[in-house]
Each structure stands twice: as structure tokens, then as C-alpha cells.
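Okay, run.pdb now, which holds PDB, C-alpha atoms, pLDDT in the B column:
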ATOM      1  CA  MET A   1     -37.851  -9.567 -58.015  1.00 46.00           C
ATOM      2  CA  SER A   2     -34.474  -8.133 -58.971  1.00 48.00           C
ATOM      3  CA  ASP A   3     -32.085  -9.723 -61.435  1.00 50.00           C
ATOM      4  CA  LEU A   4     -29.754 -10.519 -58.538  1.00 47.00           C
ATOM      5  CA  THR A   5     -32.362 -12.614 -56.705  1.00 49.00           C
ATOM      6  CA  PRO A   6     -31.930 -16.326 -57.453  1.00 55.00           C
ATOM      7  CA  HIS A   7     -34.922 -17.794 -59.255  1.00 57.00           C
ATOM      8  CA  GLN A   8     -36.491 -20.911 -57.777  1.00 60.00           C
ATOM      9  CA  THR A   9     -36.539 -23.822 -60.156  1.00 69.00           C
ATOM     10  CA  ALA A  10     -38.960 -26.730 -60.112  1.00 59.00           C
ATOM     11  CA  LEU A  11     -36.106 -28.823 -58.691  1.00 58.00           C
ATOM     12  CA  ASP A  12     -35.666 -26.434 -55.753  1.00 81.00           C
ATOM     13  CA  ILE A  13     -39.373 -26.536 -54.988  1.00 83.00           C
ATOM     14  CA  THR A  14     -39.560 -30.316 -55.341  1.00 87.00           C
ATOM     15  CA  GLY A  15     -36.646 -30.695 -52.951  1.00 89.00           C
ATOM     16  CA  ARG A  16     -38.262 -28.445 -50.370  1.00 90.00           C
ATOM     17  CA  VAL A  17     -41.592 -30.254 -50.630  1.00 92.00           C
ATOM     18  CA  THR A  18     -39.875 -33.643 -50.357  1.00 93.00           C
ATOM     19  CA  LEU A  19     -37.916 -32.500 -47.308  1.00 94.00           C
ATOM     20  CA  GLY A  20     -41.039 -30.919 -45.808  1.00 95.00           C
ATOM     21  CA  LEU A  21     -42.946 -34.179 -46.194  1.00 96.00           C
ATOM     22  CA  THR A  22     -40.303 -35.946 -44.101  1.00 96.00           C
ATOM     23  CA  MET A  23     -40.795 -33.354 -41.355  1.00 96.00           C
ATOM     24  CA  ILE A  24     -44.544 -33.851 -40.854  1.00 97.00           C
ATOM     25  CA  ASP A  25     -46.727 -36.672 -39.559  1.00 97.00           C
ATOM     26  CA  ARG A  26     -46.200 -39.799 -41.705  1.00 97.00           C
ATOM     27  CA  GLY A  27     -49.915 -40.509 -42.103  1.00 97.00           C
ATOM     28  CA  LYS A  28     -50.681 -36.996 -43.302  1.00 98.00           C
ATOM     29  CA  ALA A  29     -47.659 -37.052 -45.623  1.00 98.00           C
ATOM     30  CA  ALA A  30     -48.881 -40.343 -47.102  1.00 97.00           C
ATOM     31  CA  ILE A  31     -52.284 -38.832 -47.857  1.00 98.00           C
ATOM     32  CA  ILE A  32     -50.625 -35.835 -49.550  1.00 98.00           C
ATOM     33  CA  ARG A  33     -48.485 -38.179 -51.661  1.00 97.00           C
ATOM     34  CA  ASP A  34     -51.511 -40.317 -52.536  1.00 97.00           C
ATOM     35  CA  ARG A  35     -53.512 -37.295 -53.625  1.00 97.00           C
ATOM     36  CA  PHE A  36     -50.840 -35.372 -55.563  1.00 93.00           C
ATOM     37  CA  TRP A  37     -48.204 -37.844 -56.723  1.00 92.00           C
ATOM     38  CA  ARG A  38     -50.449 -40.875 -57.260  1.00 95.00           C
ATOM     39  CA  GLU A  39     -53.558 -38.859 -58.214  1.00 95.00           C
ATOM     40  CA  ARG A  40     -55.784 -41.149 -56.138  1.00 97.00           C
ATOM     41  CA  THR A  41     -59.411 -40.392 -55.361  1.00 97.00           C
ATOM     42  CA  TRP A  42     -60.671 -39.558 -51.877  1.00 98.00           C
ATOM     43  CA  PRO A  43     -62.681 -42.808 -51.590  1.00 98.00           C
ATOM     44  CA  ALA A  44     -59.598 -44.878 -52.518  1.00 98.00           C
ATOM     45  CA  ILE A  45     -57.410 -42.982 -50.050  1.00 98.00           C
ATOM     46  CA  ALA A  46     -60.004 -43.328 -47.274  1.00 98.00           C
ATOM     47  CA  LYS A  47     -60.365 -47.062 -47.909  1.00 97.00           C
ATOM     48  CA  ASP A  48     -56.598 -47.653 -47.721  1.00 96.00           C
ATOM     49  CA  ARG A  49     -56.295 -45.496 -44.598  1.00 96.00           C
ATOM     50  CA  HIS A  50     -59.290 -47.173 -42.929  1.00 97.00           C
ATOM     51  CA  CYS A  51     -61.122 -43.908 -42.360  1.00 97.00           C
ATOM     52  CA  SER A  52     -63.983 -41.894 -43.797  1.00 98.00           C
ATOM     53  CA  VAL A  53     -63.558 -39.587 -46.773  1.00 98.00           C
ATOM     54  CA  THR A  54     -64.239 -36.647 -44.443  1.00 98.00           C
ATOM     55  CA  THR A  55     -61.430 -37.747 -42.122  1.00 98.00           C
ATOM     56  CA  ALA A  56     -59.034 -38.262 -45.051  1.00 98.00           C
ATOM     57  CA  VAL A  57     -59.776 -34.755 -46.362  1.00 98.00           C
ATOM     58  CA  LYS A  58     -59.347 -33.292 -42.863  1.00 98.00           C
ATOM     59  CA  ARG A  59     -55.972 -35.020 -42.440  1.00 98.00           C
ATOM     60  CA  PHE A  60     -54.939 -33.820 -45.913  1.00 98.00           C
ATOM     61  CA  LYS A  61     -55.776 -30.200 -45.040  1.00 98.00           C
ATOM     62  CA  GLN A  62     -53.949 -30.453 -41.719  1.00 98.00           C
ATOM     63  CA  GLY A  63     -50.998 -32.060 -43.476  1.00 98.00           C
ATOM     64  CA  MET A  64     -50.878 -29.292 -46.086  1.00 97.00           C
ATOM     65  CA  ASP A  65     -50.826 -26.688 -43.321  1.00 97.00           C
ATOM     66  CA  ASP A  66     -48.045 -28.608 -41.546  1.00 97.00           C
ATOM     67  CA  LEU A  67     -46.164 -28.927 -44.843  1.00 96.00           C
ATOM     68  CA  ARG A  68     -46.457 -25.186 -45.489  1.00 95.00           C
ATOM     69  CA  ARG A  69     -44.985 -24.462 -42.046  1.00 95.00           C
ATOM     70  CA  ALA A  70     -42.198 -27.031 -42.564  1.00 94.00           C
ATOM     71  CA  ILE A  71     -41.212 -25.449 -45.880  1.00 92.00           C
ATOM     72  CA  MET A  72     -41.233 -21.993 -44.302  1.00 91.00           C
ATOM     73  CA  LEU A  73     -38.985 -23.337 -41.551  1.00 90.00           C
ATOM     74  CA  VAL A  74     -36.582 -24.791 -44.131  1.00 86.00           C
ATOM     75  CA  GLU A  75     -36.538 -21.459 -45.971  1.00 84.00           C
ATOM     76  CA  GLY A  76     -35.816 -19.613 -42.730  1.00 83.00           C
ATOM     77  CA  LYS A  77     -39.103 -17.692 -42.849  1.00 79.00           C
ATOM     78  CA  LEU A  78     -40.555 -19.355 -39.749  1.00 63.00           C
ATOM     79  CA  LEU A  79     -38.771 -18.883 -36.466  1.00 58.00           C
ATOM     80  CA  GLU A  80     -40.653 -21.482 -34.429  1.00 53.00           C
TER      81      GLU A  80
END

Structure rendered as C-alpha cells:
Amino acid sequence: MSDLTPHQTALDITGRVTLGLTMIDRGKAAIIRDRFWRERTWPAIAKDRHCSVTTAVKRFKQGMDDLRRAIMLVEGKLLE
């Protein structure tokens, strides 16, 4: 990285993640928030979402993939 390249701050990343979460499925975004922001366990998340732990984990993984693509889109790195 050159000295002329702007450095990403935690605020920049947080903003992109927050925006990305608004761009994906609400249920998957809620599971991501529960797991990372609220530090909830898989059994607690599954109980609140009325699904199995396996299903909650699957939705989380799908949501993370969707979130990654949304952030890439925001950054202009994804042209779809």
C-alpha cells in the first residue's frame, strides 16, 4: 500500500458493514447481528428464530456470503 492510498479506519469498515447488512435478507442480517454484536450462542439464536441450530448456522454462513458481496458492491469491486 502506498502512502497516497487512503487507509481504512474502523469507522469506514463499520459503516460498510452496517450498510451491507441493510442490503441483505433481514433474517440473515439479524442472525449476523445476534452472533457478532450481541455475542449470542447458536442455541439462543435458533430458539428465537424458531429453527434448528444447523439451520441458524446455515443462514449465518449464507448471510455472511451475501454481506461480503454487498460490501464489494458498495466498494465498486463487484459489477453485478

Measure the distance from atom CA of A:Leu73 to atom CA of A:Lys61 in Å and round it to one decimal.
-> 18.5 Å

Name the residues that the PyMOL selection byres ((chain A and resi 75) around 12) picks from the file above, as number ranges by chain, using the file's chain letters and numbers.
-> A: 8, 12-13, 15-17, 19-20, 68-74, 76-79

Translate the PyMOL selection byres ((chain A and resi 33) around 12) into a concrete residue list for this structure, as a compact mmCIF listing (two decimals) with C-alpha atoms, in the coordinates of the input.
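Printed below is result22.txt as written:
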# COMPACT_ATOMS: atom_id res chain seq x y z
CA VAL A 17 -41.59 -30.25 -50.63
CA THR A 18 -39.88 -33.64 -50.36
CA GLY A 20 -41.04 -30.92 -45.81
CA LEU A 21 -42.95 -34.18 -46.19
CA THR A 22 -40.30 -35.95 -44.10
CA ARG A 26 -46.20 -39.80 -41.70
CA GLY A 27 -49.92 -40.51 -42.10
CA LYS A 28 -50.68 -37.00 -43.30
CA ALA A 29 -47.66 -37.05 -45.62
CA ALA A 30 -48.88 -40.34 -47.10
CA ILE A 31 -52.28 -38.83 -47.86
CA ILE A 32 -50.62 -35.84 -49.55
CA ASP A 34 -51.51 -40.32 -52.54
CA ARG A 35 -53.51 -37.30 -53.62
CA PHE A 36 -50.84 -35.37 -55.56
CA TRP A 37 -48.20 -37.84 -56.72
CA ARG A 38 -50.45 -40.88 -57.26
CA GLU A 39 -53.56 -38.86 -58.21
CA ARG A 40 -55.78 -41.15 -56.14
CA THR A 41 -59.41 -40.39 -55.36
CA ILE A 45 -57.41 -42.98 -50.05
CA PHE A 60 -54.94 -33.82 -45.91
CA GLY A 63 -51.00 -32.06 -43.48
CA MET A 64 -50.88 -29.29 -46.09
CA LEU A 67 -46.16 -28.93 -44.84

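Taking only C-alpha atoms into account, A:Met23 lies nearest to A:Asp66 out of the set A:Val57, A:His50, A:Trp42, A:Asp66.
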
Could you give me the axis-aligned bounding box of stretch 11-29 of chain A, with 3 Å of padding per side, as centre plus edge lengths in Å to one decimal, as lines of an AutoDock Vina configuration file?
center_x = -43.2
center_y = -33.5
center_z = -49.1
size_x = 21.0
size_y = 20.1
size_z = 25.1
